[in-house]
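structure_34.txt (compact mmCIF, C-alpha atoms) appears below.
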```txt
# COMPACT_ATOMS: atom_id res chain seq x y z
CA MET A 1 -29.36 35.70 40.89
CA PHE A 2 -26.50 38.05 41.69
CA ALA A 3 -27.19 41.69 42.34
CA ASN A 4 -26.44 44.32 39.72
CA SER A 5 -23.33 46.14 40.90
CA ALA A 6 -22.70 48.04 37.67
CA THR A 7 -21.87 51.72 37.90
CA ALA A 8 -20.61 52.39 34.36
CA ASP A 9 -22.74 53.75 31.55
CA ASN A 10 -24.16 50.72 29.77
CA ALA A 11 -23.71 52.34 26.37
CA GLN A 12 -19.93 52.45 26.90
CA ARG A 13 -19.49 48.94 28.19
CA PRO A 14 -18.33 46.28 25.70
CA ASN A 15 -20.43 43.25 24.96
CA VAL A 16 -18.87 39.78 24.77
CA LEU A 17 -19.53 36.99 22.30
CA MET A 18 -17.65 33.87 23.38
CA ILE A 19 -17.47 30.87 21.04
CA ALA A 20 -16.20 27.53 22.33
CA VAL A 21 -15.74 24.42 20.20
CA ASP A 22 -15.31 20.90 21.55
CA ASP A 23 -12.42 18.62 20.52
CA LEU A 24 -11.31 20.92 17.68
CA ASN A 25 -7.56 20.69 17.15
CA HIS A 26 -5.35 22.97 15.06
CA TRP A 27 -6.57 21.53 11.75
CA LEU A 28 -7.94 24.89 10.62
CA THR A 29 -6.80 26.28 7.30
CA PHE A 30 -5.18 29.40 8.74
CA MET A 31 -3.23 27.31 11.27
CA GLY A 32 -1.46 25.40 8.51
CA ARG A 33 -1.15 22.09 10.34
CA ASN A 34 -3.29 20.03 7.98
CA PRO A 35 -3.17 21.05 4.30
CA GLN A 36 -6.52 19.39 3.59
CA ALA A 37 -8.56 21.32 6.16
CA GLN A 38 -11.33 23.49 4.69
CA THR A 39 -12.55 26.01 7.25
CA PRO A 40 -13.41 29.27 5.45
CA ASN A 41 -15.43 30.69 8.32
CA PHE A 42 -12.77 30.06 10.96
CA ASP A 43 -10.37 31.75 8.55
CA ARG A 44 -12.88 34.57 8.18
CA LEU A 45 -12.98 35.01 11.94
CA ALA A 46 -9.20 35.00 12.11
CA LYS A 47 -9.10 37.82 9.55
CA MET A 48 -11.39 39.90 11.76
CA GLY A 49 -8.83 40.17 14.56
CA THR A 50 -5.82 38.51 16.17
CA ALA A 51 -5.26 34.77 15.89
CA PHE A 52 -2.96 33.12 18.41
CA THR A 53 -0.99 30.39 16.66
CA GLN A 54 0.74 29.09 19.80
CA ALA A 55 -2.15 28.72 22.27
CA TYR A 56 -2.45 25.68 24.53
CA CYS A 57 -5.11 24.15 26.74
CA ALA A 58 -4.88 23.93 30.52
CA VAL A 59 -5.85 20.24 30.43
CA PRO A 60 -6.15 17.87 27.43
CA ALA A 61 -9.59 16.61 28.49
CA CYS A 62 -13.03 18.22 28.21
CA GLU A 63 -14.27 18.42 31.79
CA PRO A 64 -11.14 19.67 33.59
CA SER A 65 -10.17 21.98 30.72
CA ARG A 66 -13.48 23.80 30.85
CA CYS A 67 -13.48 23.88 34.64
CA ALA A 68 -10.04 25.51 34.58
CA LEU A 69 -10.81 28.05 31.85
CA MET A 70 -14.28 29.04 33.05
CA GLY A 71 -13.48 28.72 36.75
CA GLY A 72 -10.11 30.45 36.72
CA ARG A 73 -8.19 27.88 38.75
CA ARG A 74 -5.48 25.51 37.56
CA PRO A 75 -6.17 21.78 37.91
CA TRP A 76 -3.45 21.39 40.53
CA VAL A 77 -5.32 23.97 42.63
CA THR A 78 -8.78 22.39 42.34
CA GLY A 79 -7.95 18.69 41.95
CA CYS A 80 -10.15 18.51 38.82
CA TYR A 81 -7.73 16.59 36.60
CA LYS A 82 -9.70 14.25 34.35
CA ASN A 83 -13.10 13.58 32.87
CA GLY A 84 -15.35 12.19 35.55
CA ASP A 85 -13.92 14.40 38.29
CA LYS A 86 -17.28 16.18 38.68
CA TRP A 87 -16.34 19.80 37.99
CA LYS A 88 -19.10 21.30 40.13
CA THR A 89 -17.48 19.88 43.26
CA HIS A 90 -14.32 21.83 42.37
CA GLN A 91 -15.87 25.13 41.28
CA PRO A 92 -18.36 26.79 43.62
CA ALA A 93 -21.27 28.70 42.13
CA GLY A 94 -20.36 32.36 41.81
CA ASP A 95 -16.72 31.81 40.88
CA GLY A 96 -17.26 31.23 37.16
CA LEU A 97 -16.47 33.71 34.40
CA SER A 98 -20.10 34.28 33.45
CA ALA A 99 -20.94 35.04 37.08
CA GLN A 100 -18.60 38.04 37.08
CA PHE A 101 -20.43 39.55 34.11
CA LEU A 102 -23.77 38.84 35.73
CA LYS A 103 -22.64 40.59 38.91
CA ALA A 104 -21.53 43.54 36.80
CA GLY A 105 -25.02 43.98 35.38
CA TYR A 106 -24.72 42.11 32.10
CA TYR A 107 -27.39 40.03 30.45
CA VAL A 108 -25.70 36.60 30.43
CA ALA A 109 -26.96 33.83 28.15
CA GLY A 110 -25.48 30.53 27.07
CA ALA A 111 -26.19 27.61 24.76
CA GLY A 112 -24.53 24.29 24.09
CA LYS A 113 -21.37 22.96 25.68
CA ILE A 114 -19.56 25.57 27.72
CA TYR A 115 -19.06 23.30 30.71
CA HIS A 116 -18.84 19.52 30.51
CA SER A 117 -22.00 17.64 29.49
CA MET A 118 -23.67 21.00 28.83
CA ASP A 119 -24.10 21.40 32.59
CA TYR A 120 -23.83 24.75 34.38
CA HIS A 121 -24.49 26.59 37.65
CA GLU A 122 -27.93 28.10 37.07
CA SER A 123 -27.19 31.06 39.34
CA GLU A 124 -24.38 32.21 37.03
CA TRP A 125 -26.58 32.83 33.99
CA THR A 126 -29.57 34.99 33.16
CA GLU A 127 -30.78 32.19 30.93
CA TYR A 128 -29.42 29.06 29.30
CA MET A 129 -30.82 27.05 26.40
CA SER A 130 -32.40 23.77 27.44
CA LYS A 131 -31.05 20.66 25.71
CA THR A 132 -34.34 18.83 26.22
CA GLY A 133 -35.74 17.54 22.97
CA PHE A 134 -32.47 17.85 21.05
CA THR A 135 -29.89 15.27 20.08
CA LEU A 136 -26.15 15.84 20.11
CA ASN A 137 -25.43 13.76 17.04
CA GLY A 138 -28.65 13.12 15.12
CA PRO A 139 -31.31 10.40 15.26
CA ASN A 140 -29.91 6.92 15.86
CA VAL A 141 -26.32 8.11 15.58
CA GLU A 142 -25.48 7.68 19.26
CA LYS A 143 -24.84 3.95 18.95
CA MET A 144 -22.54 4.17 15.93
CA ASP A 145 -18.80 3.63 15.86
CA GLY A 146 -17.65 7.18 16.35
CA TYR A 147 -14.81 7.16 13.82
CA HIS A 148 -16.57 5.43 10.94
CA ASN A 149 -18.76 7.09 8.37
CA ASP A 150 -19.94 4.24 6.11
CA LYS A 151 -23.30 3.85 7.82
CA VAL A 152 -24.19 7.51 8.21
CA HIS A 153 -27.90 7.91 7.62
CA PRO A 154 -28.29 9.40 4.14
CA ASN A 155 -31.09 11.72 5.25
CA LEU A 156 -29.28 13.27 8.23
CA LYS A 157 -29.88 17.05 8.11
CA ASP A 158 -28.03 20.04 9.53
CA GLU A 159 -30.84 20.78 11.95
CA ASP A 160 -30.84 17.23 13.33
CA LEU A 161 -27.85 18.14 15.52
CA ILE A 162 -28.12 20.36 18.58
CA ASP A 163 -25.35 22.66 17.33
CA TRP A 164 -27.71 24.06 14.70
CA HIS A 165 -30.20 25.04 17.41
CA SER A 166 -27.58 26.33 19.84
CA THR A 167 -26.33 28.63 17.10
CA ASN A 168 -29.86 29.86 16.42
CA TYR A 169 -30.35 30.55 20.11
CA ILE A 170 -27.33 32.84 20.27
CA ILE A 171 -28.20 34.49 16.94
CA ASP A 172 -31.60 35.41 18.37
CA ARG A 173 -29.97 37.00 21.39
CA LEU A 174 -27.47 38.94 19.32
CA ASN A 175 -30.44 40.86 18.00
CA ARG A 176 -32.02 41.74 21.36
CA ASP A 177 -33.37 45.27 21.47
CA ASP A 178 -32.06 46.20 24.88
CA ASP A 179 -29.60 48.72 26.32
CA GLN A 180 -28.23 46.15 28.76
CA PRO A 181 -24.74 44.94 27.79
CA PHE A 182 -24.54 41.23 27.04
CA PHE A 183 -22.26 38.27 27.56
CA LEU A 184 -23.24 35.49 25.14
CA ALA A 185 -21.57 32.07 25.14
CA LEU A 186 -22.02 29.53 22.36
CA GLY A 187 -20.61 26.05 22.89
CA LEU A 188 -20.53 23.96 19.71
CA TYR A 189 -20.38 20.24 20.44
CA LYS A 190 -18.93 19.03 17.16
CA PRO A 191 -16.39 17.76 16.19
CA HIS A 192 -16.75 15.66 19.33
CA LEU A 193 -17.19 11.94 18.71
CA PRO A 194 -18.97 10.43 16.92
CA PHE A 195 -17.53 12.06 13.80
CA VAL A 196 -20.86 11.91 12.01
CA VAL A 197 -22.55 14.75 10.11
CA PRO A 198 -24.74 14.99 6.99
CA ARG A 199 -23.21 13.27 3.98
CA LYS A 200 -22.69 16.47 2.00
CA TYR A 201 -19.80 17.47 4.26
CA TYR A 202 -17.78 14.42 3.19
CA ASP A 203 -17.86 15.37 -0.50
CA ALA A 204 -14.92 17.75 -0.18
CA PHE A 205 -12.75 15.04 1.37
CA PRO A 206 -12.67 11.96 -0.90
CA LEU A 207 -11.34 9.02 1.03
CA GLU A 208 -8.73 8.15 -1.59
CA SER A 209 -7.19 11.63 -1.30
CA ILE A 210 -6.85 11.70 2.49
CA GLN A 211 -3.31 12.20 3.77
CA LEU A 212 -2.05 10.67 6.99
CA PRO A 213 -0.43 13.10 9.45
CA PRO A 214 3.37 13.21 9.58
CA HIS A 215 4.48 10.36 11.82
CA ARG A 216 7.30 7.91 12.47
CA GLU A 217 6.91 4.24 13.21
CA ASP A 218 9.83 4.40 15.69
CA ASP A 219 8.58 7.53 17.42
CA LEU A 220 8.20 5.87 20.82
CA ASP A 221 11.71 4.41 20.88
CA ASP A 222 13.28 7.35 22.73
CA LEU A 223 10.41 7.90 25.17
CA PRO A 224 10.46 6.99 28.86
CA PRO A 225 7.99 4.42 30.26
CA ALA A 226 5.46 6.98 31.51
CA ALA A 227 5.25 8.52 28.04
CA VAL A 228 4.88 5.18 26.26
CA LYS A 229 2.07 4.27 28.63
CA MET A 230 0.31 7.57 27.93
CA ALA A 231 0.72 7.13 24.19
CA ARG A 232 -0.68 3.64 23.88
CA ASN A 233 -4.39 3.78 24.60
CA GLY A 234 -5.23 0.90 22.27
CA ASP A 235 -6.71 2.93 19.42
CA HIS A 236 -3.72 2.91 17.10
CA GLU A 237 -3.51 -0.85 16.88
CA LYS A 238 -7.21 -1.00 16.03
CA PHE A 239 -6.83 1.45 13.17
CA LEU A 240 -3.80 -0.29 11.74
CA LYS A 241 -5.66 -3.58 11.84
CA SER A 242 -8.92 -2.27 10.38
CA GLY A 243 -7.34 -0.01 7.78
CA ARG A 244 -9.64 2.82 8.91
CA TRP A 245 -6.99 5.45 9.68
CA LYS A 246 -7.82 7.57 6.62
CA ALA A 247 -11.56 7.08 7.17
CA ALA A 248 -11.25 8.54 10.66
CA ILE A 249 -9.43 11.58 9.33
CA GLN A 250 -11.99 12.02 6.56
CA SER A 251 -14.80 11.92 9.11
CA TYR A 252 -13.08 14.45 11.35
CA LEU A 253 -12.44 16.90 8.51
CA ALA A 254 -16.08 16.57 7.44
CA THR A 255 -17.30 17.14 11.00
CA CYS A 256 -15.10 20.23 11.29
CA ALA A 257 -16.67 21.48 8.05
CA TYR A 258 -20.10 21.14 9.65
CA THR A 259 -18.95 23.21 12.62
CA ASP A 260 -17.46 25.77 10.24
CA MET A 261 -20.90 26.08 8.63
CA ASN A 262 -22.53 26.90 11.96
CA LEU A 263 -19.83 29.43 12.73
CA GLY A 264 -20.52 31.05 9.37
CA ARG A 265 -24.19 31.43 10.22
CA LEU A 266 -23.25 33.06 13.50
CA LEU A 267 -20.77 35.44 11.86
CA ASP A 268 -23.36 36.44 9.26
CA ALA A 269 -25.72 37.40 12.06
CA PHE A 270 -22.99 39.08 14.08
CA GLU A 271 -21.97 41.29 11.16
CA LYS A 272 -25.57 42.51 10.86
CA SER A 273 -26.13 42.90 14.60
CA PRO A 274 -26.63 46.39 16.04
CA GLU A 275 -23.86 45.97 18.61
CA ARG A 276 -21.16 44.62 16.31
CA ASP A 277 -18.84 47.59 16.76
CA ASN A 278 -19.02 47.32 20.54
CA THR A 279 -18.65 43.56 20.95
CA ILE A 280 -15.56 41.57 21.90
CA VAL A 281 -15.38 38.18 20.22
CA VAL A 282 -13.26 35.41 21.69
CA PHE A 283 -13.00 31.91 20.24
CA TRP A 284 -11.33 28.93 21.92
CA THR A 285 -11.35 25.15 21.89
CA ASP A 286 -10.97 23.01 24.97
CA HIS A 287 -7.96 20.99 23.71
CA GLY A 288 -6.45 19.41 20.62
CA TRP A 289 -6.68 15.91 19.21
CA SER A 290 -4.25 13.23 18.01
CA PHE A 291 -4.66 11.05 14.93
CA GLY A 292 -1.89 8.51 15.30
CA GLU A 293 1.05 10.81 15.95
CA LYS A 294 3.22 9.01 18.50
CA GLU A 295 0.82 6.06 18.09
CA HIS A 296 -1.68 8.10 20.10
CA TRP A 297 -5.33 8.94 19.42
CA ARG A 298 -7.79 11.32 21.08
CA LYS A 299 -6.64 13.87 23.65
CA PHE A 300 -5.32 12.70 27.06
CA ALA A 301 -1.61 13.38 26.49
CA LEU A 302 0.91 16.20 26.80
CA TRP A 303 2.37 16.53 23.29
CA GLU A 304 1.69 19.18 20.66
CA GLU A 305 -1.29 17.59 18.94
CA PRO A 306 -3.55 17.09 21.99
CA THR A 307 -2.57 20.38 23.68
CA ARG A 308 -2.35 22.99 20.90
CA THR A 309 -5.56 24.90 20.23
CA PRO A 310 -6.66 27.76 17.99
CA MET A 311 -7.64 30.97 19.79
CA ILE A 312 -8.93 34.17 18.17
CA TRP A 313 -9.74 37.58 19.65
CA VAL A 314 -11.61 40.45 18.02
CA VAL A 315 -11.53 43.56 20.23
CA PRO A 316 -12.96 46.76 18.72
CA GLY A 317 -10.45 49.58 18.79
CA MET A 318 -7.62 47.28 19.86
CA THR A 319 -6.97 44.27 17.63
CA LYS A 320 -6.08 44.80 13.99
CA PRO A 321 -7.60 42.65 11.24
CA SER A 322 -5.62 39.66 9.95
CA THR A 323 -2.94 39.78 12.63
CA ARG A 324 -1.15 36.76 14.09
CA CYS A 325 0.42 36.40 17.50
CA GLU A 326 3.11 33.75 17.81
CA ARG A 327 3.69 34.22 21.53
CA THR A 328 3.06 31.14 23.63
CA VAL A 329 -0.03 31.47 25.80
CA ASP A 330 -2.51 29.12 27.43
CA LEU A 331 -6.26 29.26 27.80
CA MET A 332 -6.08 30.35 31.43
CA SER A 333 -5.68 33.80 29.85
CA VAL A 334 -9.33 33.98 28.76
CA TYR A 335 -10.85 34.75 32.18
CA PRO A 336 -8.49 37.55 33.31
CA THR A 337 -8.34 39.11 29.85
CA LEU A 338 -12.11 39.38 29.48
CA CYS A 339 -12.35 40.95 32.94
CA GLN A 340 -9.68 43.48 32.01
CA LEU A 341 -11.24 44.35 28.66
CA ALA A 342 -14.71 44.76 30.15
CA GLY A 343 -13.47 46.74 33.13
CA ILE A 344 -15.03 44.38 35.67
CA PRO A 345 -13.32 43.08 38.82
CA LYS A 346 -11.17 39.97 38.49
CA PRO A 347 -11.74 37.65 41.47
CA GLY A 348 -8.73 36.88 43.62
CA HIS A 349 -8.88 33.16 42.88
CA VAL A 350 -8.21 33.66 39.17
CA SER A 351 -4.84 32.54 37.82
CA GLY A 352 -3.54 32.95 34.30
CA TYR A 353 -2.16 36.02 32.60
CA ASP A 354 -3.97 38.94 31.01
CA ILE A 355 -2.95 38.99 27.33
CA THR A 356 -4.21 42.52 26.63
CA PRO A 357 -0.63 43.66 25.83
CA LEU A 358 -0.52 41.06 23.03
CA LEU A 359 -3.92 42.13 21.71
CA LYS A 360 -2.56 45.66 21.41
CA ASP A 361 0.74 44.52 19.92
CA PRO A 362 1.07 40.84 18.90
CA SER A 363 4.85 41.20 18.75
CA ALA A 364 5.17 42.60 22.28
CA SER A 365 7.59 40.84 24.61
CA TRP A 366 6.06 37.98 26.58
CA ASP A 367 7.87 36.08 29.32
CA TYR A 368 5.29 33.47 30.27
CA PRO A 369 5.07 29.90 28.97
CA ALA A 370 1.95 27.80 28.47
CA ILE A 371 1.42 25.09 31.08
CA THR A 372 -0.74 22.02 30.51
CA THR A 373 -1.57 19.33 33.06
CA HIS A 374 -2.90 15.82 32.54
CA GLY A 375 -3.56 13.92 35.74
CA TYR A 376 -1.83 14.34 39.06
CA GLU A 377 1.73 15.73 38.73
CA ASN A 378 2.00 15.25 34.96
CA HIS A 379 2.79 18.59 33.35
CA THR A 380 4.22 20.18 30.23
CA VAL A 381 5.76 23.63 29.87
CA ARG A 382 5.68 25.09 26.35
CA THR A 383 7.70 28.10 25.24
CA GLN A 384 8.19 29.31 21.70
CA GLN A 385 11.41 27.32 21.53
CA HIS A 386 10.85 24.22 23.65
CA ARG A 387 8.40 21.75 25.15
CA TYR A 388 9.36 20.17 28.46
CA ILE A 389 7.31 17.33 29.93
CA ARG A 390 7.72 15.85 33.40
CA TYR A 391 5.64 12.96 34.66
CA ALA A 392 4.69 12.10 38.21
CA ASN A 393 7.40 9.41 38.39
CA GLY A 394 10.11 11.85 37.25
CA ASP A 395 10.28 10.72 33.61
CA GLU A 396 11.09 13.55 31.22
CA GLU A 397 10.81 14.66 27.62
CA LEU A 398 12.25 17.74 25.94
CA TYR A 399 11.73 18.91 22.37
CA ASP A 400 13.06 21.75 20.25
CA SER A 401 9.67 22.90 18.99
CA VAL A 402 11.13 25.11 16.26
CA ALA A 403 13.52 22.58 14.73
CA ASP A 404 11.31 19.57 15.49
CA PRO A 405 7.64 20.66 15.25
CA TYR A 406 6.32 17.08 15.35
CA GLU A 407 8.41 16.21 18.42
CA TRP A 408 10.28 13.25 16.98
CA LYS A 409 13.56 13.67 18.92
CA ASN A 410 13.48 13.57 22.71
CA LEU A 411 16.38 15.67 24.02
CA ALA A 412 15.76 15.06 27.72
CA ASN A 413 18.81 12.81 28.16
CA ASP A 414 21.19 15.07 26.25
CA PRO A 415 23.55 16.79 28.77
CA ALA A 416 23.68 19.84 26.50
CA PHE A 417 20.09 20.63 27.47
CA THR A 418 20.36 20.22 31.25
CA SER A 419 20.13 23.97 31.87
CA VAL A 420 17.13 24.27 29.53
CA LYS A 421 15.26 21.58 31.46
CA LYS A 422 16.14 23.26 34.74
CA ASP A 423 14.86 26.64 33.60
CA LEU A 424 11.59 25.20 32.28
CA ALA A 425 11.06 23.08 35.39
CA GLU A 426 10.99 26.29 37.44
CA TRP A 427 7.49 26.90 36.05
CA LEU A 428 6.09 23.63 37.39
CA PRO A 429 3.93 23.78 40.52
CA SER A 430 5.72 22.91 43.74
CA ASP A 431 2.55 21.53 45.28
CA ALA A 432 -0.63 20.00 43.88
CA VAL A 433 -3.96 18.91 45.28
CA LYS A 434 -4.23 15.15 45.23
CA PRO A 435 -7.16 13.77 43.27
CA LYS A 436 -10.08 12.54 45.31
CA ARG A 437 -10.31 8.79 45.55
CA LYS A 438 -13.26 7.38 43.70
CA LYS A 439 -15.64 5.50 45.93
```
Go ahead and render the structure in this file as structure tokens.
Amino acid sequence: MFANSATADNAQRPNVLMIAVDDLNHWLTFMGRNPQAQTPNFDRLAKMGTAFTQAYCAVPACEPSRCALMGGRRPWVTGCYKNGDKWKTHQPAGDGLSAQFLKAGYYVAGAGKIYHSMDYHESEWTEYMSKTGFTLNGPNVEKMDGYHNDKVHPNLKDEDLIDWHSTNYIIDRLNRDDDQPFFLALGLYKPHLPFVVPRKYYDAFPLESIQLPPHREDDLDDLPPAAVKMARNGDHEKFLKSGRWKAAIQSYLATCAYTDMNLGRLLDAFEKSPERDNTIVVFWTDHGWSFGEKEHWRKFALWEEPTRTPMIWVVPGMTKPSTRCERTVDLMSVYPTLCQLAGIPKPGHVSGYDITPLLKDPSASWDYPAITTHGYENHTVRTQQHRYIRYANGDEELYDSVADPYEWKNLANDPAFTSVKKDLAEWLPSDAVKPKRKK
């Protein structure tokens, strides 16, 4: 346990409620990407403060994304690039975001998936909910085909999933009768695969009404070899053959509705909590998700769908209700911004930019792009106008994100955009830690 180094009056120090959701893309109603999404509680949260509509993950994969956000170091600094890279070997105990609040004298509690596999450094938390005795997906769901919903057990209940209990755990701690400031972190596992929740959540999304996402059958024709290889992970062919494309989307929308329900329960409790007016709320997701755009499924790629994430901040006395920020930011901003807002020291190892100026004024000037990395030396730089992708072998993509929001026209080989590519490439790292060889 770290020593209490706090010197400020506890009554004046802001609390923090951090909400993280796994595999949730930008299919939230207020984001406008999918017209069939029904997420009233995410919309409710967005109305409470400032929603960032152009936020992007550090890595489009669970383990390295969370290691980067919570640890404060970019993947090219740590070498934690992909799932299976064992994040604890890249992030020493004491460097994590929660550890800084613990050092500053906060009560620090967590539940659910904040780090990969719901693992954590015990020394960085006052307490953490045990996952023993709970199931991530419900009884006998683990062995199911994750995208299909036909065989969902008809008696599956809300409380059969761990997310229900993780939410309860944090609700209980919102109502602690204690003068000690708190940092609470709730990690909701759904909509992670399998896309299976109680049947009632499917009722709002009849299969026959499901719309496929905007896509082109020739979308890969202007992509370089590295991009085509990244796109084709085998899933798309399976869905075309099985005819289950719409069923997968239906299941995802239903699973997001289940997560929205748990968020609603948390917000109900938060609005009644004694510390509501002195609590910062930050919501993020670890990456996006593709559903056949560019013949790609899941995360694990550098285009808009797998990298764009919703992010919402509610900061008492600073953010204004129902505001939107269209500036391009990435999730590396979470760590330094929370340190700034709470008035606690930011460790020297932390990268990313403090977005406090945008919380004060969402239209303020902002000169930094979002940078996302997938694997060794594969990066994308996203500004409000463009997305530039460069792969380890030198292959490139460039998109006009305003004129071409679904990235259908690769401009990388157009001489008219040579200077644009050059300017964006200046943001790419000049050196990167090589991934450790697997034994």
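Counting all atoms listed in the file and comparing A:Thr279, A:Asn413, A:Ser65, A:Ser251, the residue that lies closest to Gly375 in chain A is A:Ser65.
Counting only C-alpha atoms, the residue from A:Leu184, A:Cys256, A:Val197, A:Leu28 that sits nearest to Gly138 in chain A is A:Val197.
Counting only C-alpha atoms, the residue from A:Ala227, A:Tyr128, A:Thr285, A:Asp361 that sits nearest to Asn393 in chain A is A:Ala227.
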Which residues are near His116 in chain A? Cut-off 7 Å, all atoms listed in the file, ignore same chain within fewer than 5 positions. Put them as a PDB file with C-alpha atoms, in the coordinates of the input.
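Written output follows (selection_16.pdb):
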```pdb
ATOM      1  CA  CYS A  62     -13.030  18.220  28.210  1.00  0.00           C
ATOM      2  CA  GLU A  63     -14.270  18.420  31.790  1.00  0.00           C
ATOM      3  CA  ARG A  66     -13.480  23.800  30.850  1.00  0.00           C
TER       4      ARG A  66
END
```
Original post:
Mind pulling up the distance from CA of Lys229 in chain A to CA of Pro310 in chain A?
Top reply: 27.2 Å
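Distances from A:Thr78, A:Thr89, A:Ser365, A:Thr380 to Ser351 in chain A were compared using only C-alpha atoms, and the smallest one belongs to A:Thr78.
Note that the spacing between CA of Arg327 in chain A and CA of Asn15 in chain A amounts to 26.0 Å.
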**OP:** Using only C-alpha atoms, collect all residues at a distance of at most 9 Å from (0.2, 23.4, 31.9) as written in the file, then present them as a ChimeraX atom specification.
**Re:** /A:56-59,74-75,302,330,369-374,378-382,428
**OP:** Take the point (-3.8, 18.6, 44.2) in the file's coordinates, draw a sphere of radius 7 Å around it, and report as a PyMOL selection string every protein, DNA or RNA residue with an atom inside or on it, counting all atoms listed in the file.
**Re:** chain A and resi 76-79+376+432-435
Original post:
Excluding same-chain residues fewer than 6 positions from Phe270 in chain A, what lies within 9 Å of it counting only C-alpha atoms, as an NGL selection string?
Top reply: :A and (171 or 174-175 or 276)
Would you mind writing range 116-129 of chain A with N, CA, C and O atoms, as a short mmCIF file (atom, residue, chain, number, x, y, z; two decimals), in the frame of the given file?
```cif
data_model
loop_
_atom_site.label_atom_id
_atom_site.label_comp_id
_atom_site.auth_asym_id
_atom_site.auth_seq_id
_atom_site.Cartn_x
_atom_site.Cartn_y
_atom_site.Cartn_z
N HIS A 116 -18.73 20.92 30.91
CA HIS A 116 -18.84 19.52 30.51
C HIS A 116 -20.29 19.04 30.57
O HIS A 116 -21.05 19.41 31.47
N SER A 117 -20.65 18.22 29.59
CA SER A 117 -22.00 17.64 29.49
C SER A 117 -23.09 18.69 29.40
O SER A 117 -24.24 18.43 29.75
N MET A 118 -22.72 19.89 28.96
CA MET A 118 -23.67 21.00 28.83
C MET A 118 -24.32 21.34 30.17
O MET A 118 -25.45 21.85 30.22
N ASP A 119 -23.62 21.07 31.25
CA ASP A 119 -24.10 21.40 32.59
C ASP A 119 -23.63 22.81 32.94
O ASP A 119 -22.71 23.35 32.31
N TYR A 120 -24.22 23.40 33.97
CA TYR A 120 -23.83 24.75 34.38
C TYR A 120 -24.44 25.06 35.74
O TYR A 120 -25.38 24.40 36.19
N HIS A 121 -23.88 26.05 36.42
CA HIS A 121 -24.49 26.59 37.65
C HIS A 121 -25.59 27.57 37.23
O HIS A 121 -25.30 28.62 36.63
N GLU A 122 -26.82 27.26 37.52
CA GLU A 122 -27.93 28.10 37.07
C GLU A 122 -27.82 29.54 37.58
O GLU A 122 -28.23 30.48 36.89
N SER A 123 -27.26 29.72 38.77
CA SER A 123 -27.19 31.06 39.34
C SER A 123 -26.19 31.97 38.63
O SER A 123 -26.15 33.17 38.88
N GLU A 124 -25.39 31.41 37.72
CA GLU A 124 -24.38 32.21 37.03
C GLU A 124 -24.84 32.71 35.66
O GLU A 124 -24.05 33.32 34.94
N TRP A 125 -26.08 32.45 35.31
CA TRP A 125 -26.58 32.83 33.99
C TRP A 125 -27.96 33.47 34.10
O TRP A 125 -28.78 33.07 34.92
N THR A 126 -28.22 34.44 33.26
CA THR A 126 -29.57 34.99 33.16
C THR A 126 -30.50 33.94 32.58
O THR A 126 -31.62 33.74 33.06
N GLU A 127 -30.03 33.28 31.54
CA GLU A 127 -30.78 32.19 30.93
C GLU A 127 -29.82 31.28 30.18
O GLU A 127 -28.73 31.68 29.78
N TYR A 128 -30.26 30.04 29.99
CA TYR A 128 -29.42 29.06 29.30
C TYR A 128 -30.35 28.14 28.50
O TYR A 128 -31.38 27.68 28.99
N MET A 129 -29.99 27.87 27.27
CA MET A 129 -30.82 27.05 26.40
C MET A 129 -30.95 25.64 26.95
O MET A 129 -29.96 24.99 27.29
#
```
